[in-house]
>>> print(open('work_4.cif').read())   # mmCIF, C-alpha atoms
data_work
loop_
_atom_site.group_PDB
_atom_site.id
_atom_site.type_symbol
_atom_site.label_atom_id
_atom_site.label_comp_id
_atom_site.auth_asym_id
_atom_site.auth_seq_id
_atom_site.Cartn_x
_atom_site.Cartn_y
_atom_site.Cartn_z
ATOM 1 C CA ILE A 7 -20.525 11.278 -7.752
ATOM 2 C CA TYR A 8 -18.994 12.973 -10.790
ATOM 3 C CA ILE A 9 -15.500 14.217 -11.463
ATOM 4 C CA PHE A 10 -14.424 15.594 -14.844
ATOM 5 C CA GLY A 11 -17.642 14.213 -16.316
ATOM 6 C CA LEU A 12 -17.036 10.659 -15.112
ATOM 7 C CA SER A 13 -19.340 8.849 -12.742
ATOM 8 C CA PHE A 14 -17.508 7.267 -9.818
ATOM 9 C CA MET A 15 -20.059 4.469 -9.977
ATOM 10 C CA MET A 16 -18.600 3.515 -13.381
ATOM 11 C CA LEU A 17 -15.026 3.360 -12.107
ATOM 12 C CA SER A 18 -13.294 0.656 -10.106
ATOM 13 C CA LEU A 19 -12.226 1.405 -6.564
ATOM 14 C CA THR A 20 -8.631 0.986 -7.644
ATOM 15 C CA LEU A 21 -8.957 3.687 -10.285
ATOM 16 C CA ILE A 22 -10.830 6.005 -7.909
ATOM 17 C CA LEU A 23 -8.079 5.676 -5.283
ATOM 18 C CA ALA A 24 -5.389 6.251 -7.903
ATOM 19 C CA LEU A 25 -7.127 9.347 -9.311
ATOM 20 C CA LEU A 26 -7.683 10.869 -5.865
ATOM 21 C CA THR A 27 -4.079 10.200 -4.901
ATOM 22 C CA VAL A 28 -2.726 11.798 -8.070
ATOM 23 C CA LEU A 29 -4.903 14.891 -7.619
ATOM 24 C CA ILE A 30 -4.068 15.365 -3.945
ATOM 25 C CA SER A 31 -0.374 14.605 -4.451
ATOM 26 C CA TYR A 32 -0.262 17.190 -7.232
ATOM 27 C CA GLN A 33 -1.669 19.723 -4.788
ATOM 28 C CA GLY A 34 1.122 18.825 -2.374
ATOM 29 C CA PHE A 35 3.834 19.296 -5.004
ATOM 30 C CA SER A 36 2.964 22.978 -5.303
ATOM 31 C CA ASN A 37 1.898 23.586 -1.713
ATOM 32 C CA LEU A 38 4.584 22.544 0.745
ATOM 33 C CA LYS A 39 2.521 23.728 3.714
ATOM 34 C CA PHE A 40 -0.271 21.365 2.695
ATOM 35 C CA GLN A 41 2.273 18.569 2.226
ATOM 36 C CA GLU A 42 3.768 19.160 5.668
ATOM 37 C CA LYS A 43 0.300 19.204 7.213
ATOM 38 C CA SER A 44 -0.489 15.823 5.647
ATOM 39 C CA MET A 45 2.746 13.944 6.389
ATOM 40 C CA PHE A 46 3.006 11.111 8.874
ATOM 41 C CA ILE A 47 4.849 12.592 11.862
ATOM 42 C CA PRO A 48 4.815 10.153 14.817
ATOM 43 C CA TYR A 49 5.872 12.876 17.253
ATOM 44 C CA GLY A 50 2.888 14.988 16.216
ATOM 45 C CA VAL A 51 0.548 12.026 16.527
ATOM 46 C CA LYS A 52 1.752 11.237 20.038
ATOM 47 C CA TYR A 53 2.105 14.707 21.540
ATOM 48 C CA ASN A 54 -0.265 16.855 19.469
ATOM 49 C CA LYS A 55 -2.994 14.223 19.014
ATOM 50 C CA GLU A 56 -2.780 14.594 15.222
ATOM 51 C CA TYR A 57 -4.235 11.155 14.600
ATOM 52 C CA TYR A 58 -5.379 12.066 11.094
ATOM 53 C CA ARG A 59 -1.721 11.883 9.995
ATOM 54 C CA MET A 60 -1.872 8.095 10.245
ATOM 55 C CA LEU A 61 -3.974 8.105 7.051
ATOM 56 C CA SER A 62 -3.508 11.520 5.407
ATOM 57 C CA HIS A 63 0.062 10.673 4.360
ATOM 58 C CA VAL A 64 -1.311 8.047 1.954
ATOM 59 C CA PHE A 65 -2.541 10.718 -0.457
ATOM 60 C CA ILE A 66 0.669 12.732 -0.807
ATOM 61 C CA HIS A 67 4.028 11.895 -2.373
ATOM 62 C CA ALA A 68 7.512 13.341 -2.538
ATOM 63 C CA ASP A 69 7.667 13.691 -6.329
ATOM 64 C CA TRP A 70 6.318 12.314 -9.612
ATOM 65 C CA THR A 71 8.639 9.298 -9.544
ATOM 66 C CA HIS A 72 7.483 8.315 -6.055
ATOM 67 C CA LEU A 73 3.854 8.801 -7.074
ATOM 68 C CA SER A 74 4.236 6.910 -10.367
ATOM 69 C CA PHE A 75 5.800 3.814 -8.829
ATOM 70 C CA ASN A 76 3.048 3.546 -6.235
ATOM 71 C CA MET A 77 0.149 4.229 -8.578
ATOM 72 C CA ILE A 78 1.379 1.878 -11.316
ATOM 73 C CA SER A 79 1.685 -0.927 -8.744
ATOM 74 C CA LEU A 80 -1.722 -0.075 -7.294
ATOM 75 C CA TYR A 81 -3.414 0.075 -10.681
ATOM 76 C CA PHE A 82 -2.160 -3.235 -12.060
ATOM 77 C CA LEU A 83 -2.217 -5.377 -8.911
ATOM 78 C CA GLY A 84 -5.232 -3.607 -7.417
ATOM 79 C CA SER A 85 -7.289 -3.989 -10.598
ATOM 80 C CA PHE A 86 -6.405 -7.669 -10.777
ATOM 81 C CA LEU A 87 -7.302 -8.301 -7.141
ATOM 82 C CA GLU A 88 -10.484 -6.254 -7.305
ATOM 83 C CA THR A 89 -11.670 -8.250 -10.324
ATOM 84 C CA GLN A 90 -10.923 -11.513 -8.535
ATOM 85 C CA TRP A 91 -12.812 -10.410 -5.435
ATOM 86 C CA VAL A 92 -15.851 -9.133 -7.342
ATOM 87 C CA TYR A 93 -16.120 -12.558 -8.972
ATOM 88 C CA GLU A 94 -15.670 -14.313 -5.615
ATOM 89 C CA PHE A 95 -17.600 -12.069 -3.215
ATOM 90 C CA GLY A 96 -19.876 -9.844 -5.284
ATOM 91 C CA LEU A 97 -20.701 -6.514 -3.632
ATOM 92 C CA MET A 98 -18.714 -7.438 -0.527
ATOM 93 C CA ALA A 99 -15.580 -7.072 -2.642
ATOM 94 C CA ASN A 100 -15.858 -3.278 -2.400
ATOM 95 C CA TYR A 101 -15.846 -3.375 1.392
ATOM 96 C CA TYR A 102 -12.985 -5.842 1.467
ATOM 97 C CA PHE A 103 -10.875 -3.714 -0.837
ATOM 98 C CA VAL A 104 -11.429 -0.543 1.199
ATOM 99 C CA ILE A 105 -10.518 -2.387 4.415
ATOM 100 C CA LEU A 106 -7.432 -3.854 2.736
ATOM 101 C CA TYR A 107 -6.164 -0.522 1.424
ATOM 102 C CA PHE A 108 -6.761 1.685 4.433
ATOM 103 C CA GLY A 109 -6.095 -1.084 6.929
ATOM 104 C CA GLY A 110 -2.763 -1.596 5.217
ATOM 105 C CA ALA A 111 -2.078 2.137 5.327
ATOM 106 C CA LEU A 112 -2.846 2.302 9.036
ATOM 107 C CA THR A 113 -0.893 -0.836 9.936
ATOM 108 C CA ALA A 114 2.082 0.479 7.980
ATOM 109 C CA THR A 115 2.369 3.367 10.452
ATOM 110 C CA LEU A 116 2.529 1.223 13.607
ATOM 111 C CA TRP A 117 6.161 0.114 13.412
ATOM 112 C CA PRO A 118 7.441 3.562 12.304
ATOM 113 C CA PHE A 119 5.395 5.110 15.113
ATOM 114 C CA TYR A 120 6.973 2.793 17.686
ATOM 115 C CA ARG A 121 10.463 3.520 16.372
ATOM 116 C CA ASN A 122 10.118 7.289 15.896
ATOM 117 C CA SER A 123 7.506 8.687 18.281
ATOM 118 C CA GLU A 124 10.232 10.517 20.224
ATOM 119 C CA ASN A 125 11.887 11.884 17.096
ATOM 120 C CA PRO A 126 10.358 15.274 16.145
ATOM 121 C CA SER A 127 12.293 15.394 12.872
ATOM 122 C CA TYR A 128 10.951 12.111 11.451
ATOM 123 C CA ARG A 129 8.575 12.466 8.512
ATOM 124 C CA SER A 130 7.208 10.070 5.936
ATOM 125 C CA LEU A 131 4.693 10.243 3.136
ATOM 126 C CA GLY A 132 3.252 8.142 0.366
ATOM 127 C CA ALA A 133 0.913 5.232 -0.266
ATOM 128 C CA SER A 134 3.655 2.589 -0.193
ATOM 129 C CA GLY A 135 2.299 0.825 2.896
ATOM 130 C CA ALA A 136 -1.246 0.667 1.527
ATOM 131 C CA VAL A 137 0.006 -0.426 -1.896
ATOM 132 C CA SER A 138 2.189 -3.063 -0.250
ATOM 133 C CA ALA A 139 -0.932 -4.507 1.390
ATOM 134 C CA VAL A 140 -2.645 -4.720 -2.002
ATOM 135 C CA VAL A 141 0.409 -6.224 -3.717
ATOM 136 C CA PHE A 142 0.873 -8.944 -1.109
ATOM 137 C CA ALA A 143 -2.840 -9.691 -0.965
ATOM 138 C CA ALA A 144 -2.796 -10.178 -4.738
ATOM 139 C CA MET A 145 0.272 -12.423 -4.563
ATOM 140 C CA LEU A 146 -1.254 -14.552 -1.829
ATOM 141 C CA TRP A 147 -4.627 -14.703 -3.578
ATOM 142 C CA TYR A 148 -3.086 -15.965 -6.816
ATOM 143 C CA PRO A 149 0.434 -17.219 -6.056
ATOM 144 C CA GLU A 150 1.068 -18.328 -9.624
ATOM 145 C CA LEU A 151 0.650 -14.787 -10.888
ATOM 146 C CA GLU A 152 3.648 -13.796 -13.007
ATOM 147 C CA LEU A 153 5.204 -10.448 -12.172
ATOM 148 C CA TYR A 154 8.034 -8.410 -13.607
ATOM 149 C CA LEU A 155 10.606 -6.333 -11.764
ATOM 150 C CA MET A 156 12.230 -3.284 -13.297
ATOM 151 C CA PHE A 157 15.292 -4.120 -15.405
ATOM 152 C CA ILE A 158 14.548 -7.862 -15.096
ATOM 153 C CA PRO A 159 12.769 -9.027 -18.290
ATOM 154 C CA ILE A 160 11.945 -12.447 -16.852
ATOM 155 C CA PRO A 161 8.557 -13.144 -15.215
ATOM 156 C CA ILE A 162 8.744 -14.225 -11.573
ATOM 157 C CA LYS A 163 6.018 -16.247 -9.898
ATOM 158 C CA ALA A 164 4.319 -14.448 -7.022
ATOM 159 C CA TYR A 165 5.051 -17.276 -4.565
ATOM 160 C CA VAL A 166 8.760 -16.843 -5.305
ATOM 161 C CA LEU A 167 8.802 -13.055 -5.374
ATOM 162 C CA ALA A 168 6.835 -12.507 -2.142
ATOM 163 C CA PRO A 169 9.352 -14.044 0.320
ATOM 164 C CA LEU A 170 12.303 -12.598 -1.602
ATOM 165 C CA TYR A 171 10.765 -9.135 -1.464
ATOM 166 C CA LEU A 172 10.093 -9.376 2.272
ATOM 167 C CA ALA A 173 13.658 -10.569 2.887
ATOM 168 C CA PHE A 174 14.993 -7.643 0.851
ATOM 169 C CA GLU A 175 12.856 -5.145 2.766
ATOM 170 C CA TYR A 176 14.001 -6.530 6.108
ATOM 171 C CA TYR A 177 17.645 -6.473 5.038
ATOM 172 C CA SER A 178 17.284 -2.881 3.796
ATOM 173 C CA LEU A 179 15.599 -1.881 7.055
ATOM 174 C CA LYS A 180 18.454 -3.281 9.130
ATOM 175 C CA LYS A 181 21.062 -1.744 6.849
ATOM 176 C CA GLY A 182 19.406 1.689 7.018
ATOM 177 C CA GLY A 183 20.391 4.892 5.295
ATOM 178 C CA SER A 184 18.167 4.444 2.236
ATOM 179 C CA GLY A 185 15.634 7.145 3.096
ATOM 180 C CA VAL A 186 12.878 4.607 2.347
ATOM 181 C CA ALA A 187 10.314 3.526 4.954
ATOM 182 C CA HIS A 188 10.996 -0.196 4.701
ATOM 183 C CA ASP A 189 9.254 -0.784 8.024
ATOM 184 C CA ALA A 190 6.066 0.668 6.522
ATOM 185 C CA HIS A 191 6.370 -1.624 3.501
ATOM 186 C CA ILE A 192 6.691 -4.646 5.777
ATOM 187 C CA GLY A 193 3.771 -3.539 7.943
ATOM 188 C CA GLY A 194 1.522 -3.109 4.920
ATOM 189 C CA ALA A 195 2.584 -6.464 3.500
ATOM 190 C CA VAL A 196 1.833 -8.251 6.775
ATOM 191 C CA PHE A 197 -1.646 -6.712 6.884
ATOM 192 C CA GLY A 198 -2.322 -7.764 3.301
ATOM 193 C CA ILE A 199 -1.305 -11.337 4.081
ATOM 194 C CA LEU A 200 -3.346 -11.533 7.284
ATOM 195 C CA PHE A 201 -6.422 -10.018 5.663
ATOM 196 C CA VAL A 202 -6.426 -12.587 2.868
ATOM 197 C CA LEU A 203 -6.023 -15.382 5.415
ATOM 198 C CA LEU A 204 -8.970 -13.942 7.330
ATOM 199 C CA ILE A 205 -11.332 -14.012 4.366
ATOM 200 C CA ASP A 206 -10.017 -17.273 2.877
ATOM 201 C CA SER A 207 -7.542 -19.323 4.920
ATOM 202 C CA ASN A 208 -7.155 -21.821 2.084
ATOM 203 C CA LYS A 209 -5.127 -19.240 0.172
ATOM 204 C CA GLY A 210 -2.333 -19.617 2.705
ATOM 205 C CA ILE A 211 -2.327 -23.390 2.296
ATOM 206 C CA GLU A 212 -2.189 -23.065 -1.491
ATOM 207 C CA PHE A 213 0.672 -20.576 -1.278
ATOM 208 C CA LEU A 214 2.743 -22.734 1.062
ATOM 209 C CA ALA A 215 2.111 -25.831 -1.076
ATOM 210 C CA LEU A 216 3.619 -24.049 -4.073
ATOM 211 C CA LEU A 217 6.465 -22.527 -2.084
ATOM 212 C CA PHE A 218 7.605 -25.837 -0.593
#
>>> encode(input="work_4.cif", output="structure tokens")
Amino acid sequence: IYIFGLSFMMLSLTLILALLTVLISYQGFSNLKFQEKSMFIPYGVKYNKEYYRMLSHVFIHADWTHLSFNMISLYFLGSFLETQWVYEFGLMANYYFVILYFGGALTATLWPFYRNSENPSYRSLGASGAVSAVVFAAMLWYPELELYLMFIPIPIKAYVLAPLYLAFEYYSLKKGGSGVAHDAHIGGAVFGILFVLLIDSNKGIEFLALLF
């Protein structure tokens, strides 16, 4: 498959997903009808059987800032994890990564669906849930990975950052009013954790050993 002269076979899955998301999101920036059609709307899923919305929202974003944050996180953590999995699992790594990304995206919609299926005005969009699955899978896979947060120039170990991030997301969810789908972030993170435990349960033991 070729796009702009590049063979998809030569690109990593992470880069392919990022490129597709940027292209489709760009289309949504200039075509609000297309954006509306692609959003996750629990009411539409429940009463209009628009099941495609549970995945289509992953490829559209509110603006360039929203898109950039998600794609930068996906590129760096996704590339790292994909490399680790190719070394560990060979060709199976491709299947695992696809399941992780889209499984995370789908799982991220479950809690928002439960909370908002009777609310016709609720809308959400973006790859945050899918990216959250990748980020947490990477942190669980290599808990000593050093990560940086914006405006904090000090590296933080993944096994320290992961529980702090989940606690922050849960606090923000309960507080409300942020306009951010924290429930989707948590759902994606949980899927990422469970998927890693499914393919290698020892990763959970290693993570907990470092944490405690």
>>> resolve_selection(input="work_4.cif", expression="the PyMOL selection byres ((chain A and resi 142) around 8)", output="PyMOL selection string")
chain A and resi 138-141+143-146+168+195-196+198-199
>>> atom_distance(input="work_4.cif", atom1="CA of Leu25 (chain A)", atom2="CA of Glu152 (chain A)")
25.8 Å
>>> atom_distance(input="work_4.cif", atom1="CA of Trp70 (chain A)", atom2="CA of Val137 (chain A)")
16.2 Å
>>> atom_distance(input="work_4.cif", atom1="CA of Tyr165 (chain A)", atom2="CA of Leu216 (chain A)")
6.9 Å
>>> residues_around(input="work_4.cif", residues="Gly110 (chain A)", least_positions_apart="4", cutoff="6 Å", atoms="all atoms listed in the file", output="VMD selection string")
chain A and resid 106 114 136 139 194 197
>>> closest_residue(input="work_4.cif", among="A:Ile105, A:Val186, A:Ile162, A:Met156", to="Phe201 (chain A)", atoms="only C-alpha atoms")
A:Ile105
>>> resolve_selection(input="work_4.cif", expression="the PyMOL selection byres ((chain A and resi 77-92) around 7)", output="list of chain:residue names")
A:Thr20, A:Leu21, A:Ala24, A:Leu73, A:Ser74, A:Phe75, A:Asn76, A:Tyr93, A:Glu94, A:Phe95, A:Gly96, A:Leu97, A:Ala99, A:Phe103, A:Val137, A:Val140, A:Val141, A:Ala144
>>> resolve_selection(input="work_4.cif", expression="the PyMOL selection byres ((chain A and resi 179) around 12)", output="ChimeraX atom specification")
/A:117-118,121,172-178,180-193
>>> closest_residue(input="work_4.cif", among="A:Ile158, A:Leu203, A:Ile211, A:Ile47", to="Ser123 (chain A)", atoms="all atoms listed in the file")
A:Ile47
>>> closest_residue(input="work_4.cif", among="A:Pro161, A:Ala133, A:Leu200, A:Asn125", to="Tyr53 (chain A)", atoms="only C-alpha atoms")
A:Asn125
>>> residues_around(input="work_4.cif", residues="Arg129 (chain A)", least_positions_apart="5", cutoff="8 Å", atoms="only C-alpha atoms", output="list in words")
Met45, Phe46, Ile47 and Pro48 of chain A
>>> closest_residue(input="work_4.cif", among="A:Gly50, A:Pro126, A:Gly135, A:Pro149", to="Ala111 (chain A)", atoms="all atoms listed in the file")
A:Gly135
>>> axis_aligned_box(input="work_4.cif", around="region 61-77 of chain A", padding_each_side="4 Å", output="JSON")
{"center_x": 2.3, "center_y": 8.6, "center_z": -1.7, "size_x": 20.6, "size_y": 18.1, "size_z": 25.4}
>>> decode(input="work_4.cif", residues="region 166-179 of chain A", atoms="N, CA, C and O atoms", output="PDB file, in the first residue's frame")
ATOM      1  N   VAL A 166       6.231   4.942  38.920  1.00  0.00           N
ATOM      2  CA  VAL A 166       5.779   6.015  39.810  1.00  0.00           C
ATOM      3  C   VAL A 166       4.691   6.835  39.128  1.00  0.00           C
ATOM      4  O   VAL A 166       3.663   7.178  39.738  1.00  0.00           O
ATOM      5  N   LEU A 167       4.904   7.138  37.856  1.00  0.00           N
ATOM      6  CA  LEU A 167       3.974   7.987  37.125  1.00  0.00           C
ATOM      7  C   LEU A 167       2.621   7.317  36.901  1.00  0.00           C
ATOM      8  O   LEU A 167       1.581   7.983  36.997  1.00  0.00           O
ATOM      9  N   ALA A 168       2.609   6.027  36.615  1.00  0.00           N
ATOM     10  CA  ALA A 168       1.362   5.329  36.269  1.00  0.00           C
ATOM     11  C   ALA A 168       0.289   5.466  37.355  1.00  0.00           C
ATOM     12  O   ALA A 168      -0.824   5.904  37.068  1.00  0.00           O
ATOM     13  N   PRO A 169       0.566   5.100  38.621  1.00  0.00           N
ATOM     14  CA  PRO A 169      -0.482   5.243  39.639  1.00  0.00           C
ATOM     15  C   PRO A 169      -0.842   6.696  39.916  1.00  0.00           C
ATOM     16  O   PRO A 169      -2.007   7.001  40.207  1.00  0.00           O
ATOM     17  N   LEU A 170       0.133   7.601  39.841  1.00  0.00           N
ATOM     18  CA  LEU A 170      -0.157   9.014  40.053  1.00  0.00           C
ATOM     19  C   LEU A 170      -1.082   9.546  38.963  1.00  0.00           C
ATOM     20  O   LEU A 170      -2.018  10.310  39.240  1.00  0.00           O
ATOM     21  N   TYR A 171      -0.834   9.123  37.735  1.00  0.00           N
ATOM     22  CA  TYR A 171      -1.659   9.575  36.618  1.00  0.00           C
ATOM     23  C   TYR A 171      -3.090   9.057  36.754  1.00  0.00           C
ATOM     24  O   TYR A 171      -4.061   9.797  36.536  1.00  0.00           O
ATOM     25  N   LEU A 172      -3.231   7.786  37.121  1.00  0.00           N
ATOM     26  CA  LEU A 172      -4.573   7.229  37.301  1.00  0.00           C
ATOM     27  C   LEU A 172      -5.312   7.934  38.429  1.00  0.00           C
ATOM     28  O   LEU A 172      -6.518   8.207  38.318  1.00  0.00           O
ATOM     29  N   ALA A 173      -4.611   8.225  39.513  1.00  0.00           N
ATOM     30  CA  ALA A 173      -5.232   8.937  40.641  1.00  0.00           C
ATOM     31  C   ALA A 173      -5.681  10.332  40.212  1.00  0.00           C
ATOM     32  O   ALA A 173      -6.775  10.793  40.571  1.00  0.00           O
ATOM     33  N   PHE A 174      -4.855  10.996  39.413  1.00  0.00           N
ATOM     34  CA  PHE A 174      -5.207  12.330  38.915  1.00  0.00           C
ATOM     35  C   PHE A 174      -6.434  12.273  38.014  1.00  0.00           C
ATOM     36  O   PHE A 174      -7.338  13.110  38.108  1.00  0.00           O
ATOM     37  N   GLU A 175      -6.485  11.277  37.127  1.00  0.00           N
ATOM     38  CA  GLU A 175      -7.623  11.143  36.226  1.00  0.00           C
ATOM     39  C   GLU A 175      -8.905  10.878  37.002  1.00  0.00           C
ATOM     40  O   GLU A 175      -9.961  11.440  36.687  1.00  0.00           O
ATOM     41  N   TYR A 176      -8.823  10.038  38.017  1.00  0.00           N
ATOM     42  CA  TYR A 176     -10.011   9.726  38.812  1.00  0.00           C
ATOM     43  C   TYR A 176     -10.472  10.954  39.597  1.00  0.00           C
ATOM     44  O   TYR A 176     -11.677  11.237  39.666  1.00  0.00           O
ATOM     45  N   TYR A 177      -9.531  11.678  40.155  1.00  0.00           N
ATOM     46  CA  TYR A 177      -9.868  12.906  40.886  1.00  0.00           C
ATOM     47  C   TYR A 177     -10.524  13.910  39.943  1.00  0.00           C
ATOM     48  O   TYR A 177     -11.542  14.540  40.296  1.00  0.00           O
ATOM     49  N   SER A 178      -9.962  14.080  38.757  1.00  0.00           N
ATOM     50  CA  SER A 178     -10.501  15.029  37.777  1.00  0.00           C
ATOM     51  C   SER A 178     -11.888  14.613  37.314  1.00  0.00           C
ATOM     52  O   SER A 178     -12.758  15.459  37.084  1.00  0.00           O
ATOM     53  N   LEU A 179     -12.107  13.299  37.183  1.00  0.00           N
ATOM     54  CA  LEU A 179     -13.414  12.793  36.793  1.00  0.00           C
ATOM     55  C   LEU A 179     -14.457  13.141  37.845  1.00  0.00           C
ATOM     56  O   LEU A 179     -15.563  13.610  37.520  1.00  0.00           O
TER      57      LEU A 179
END
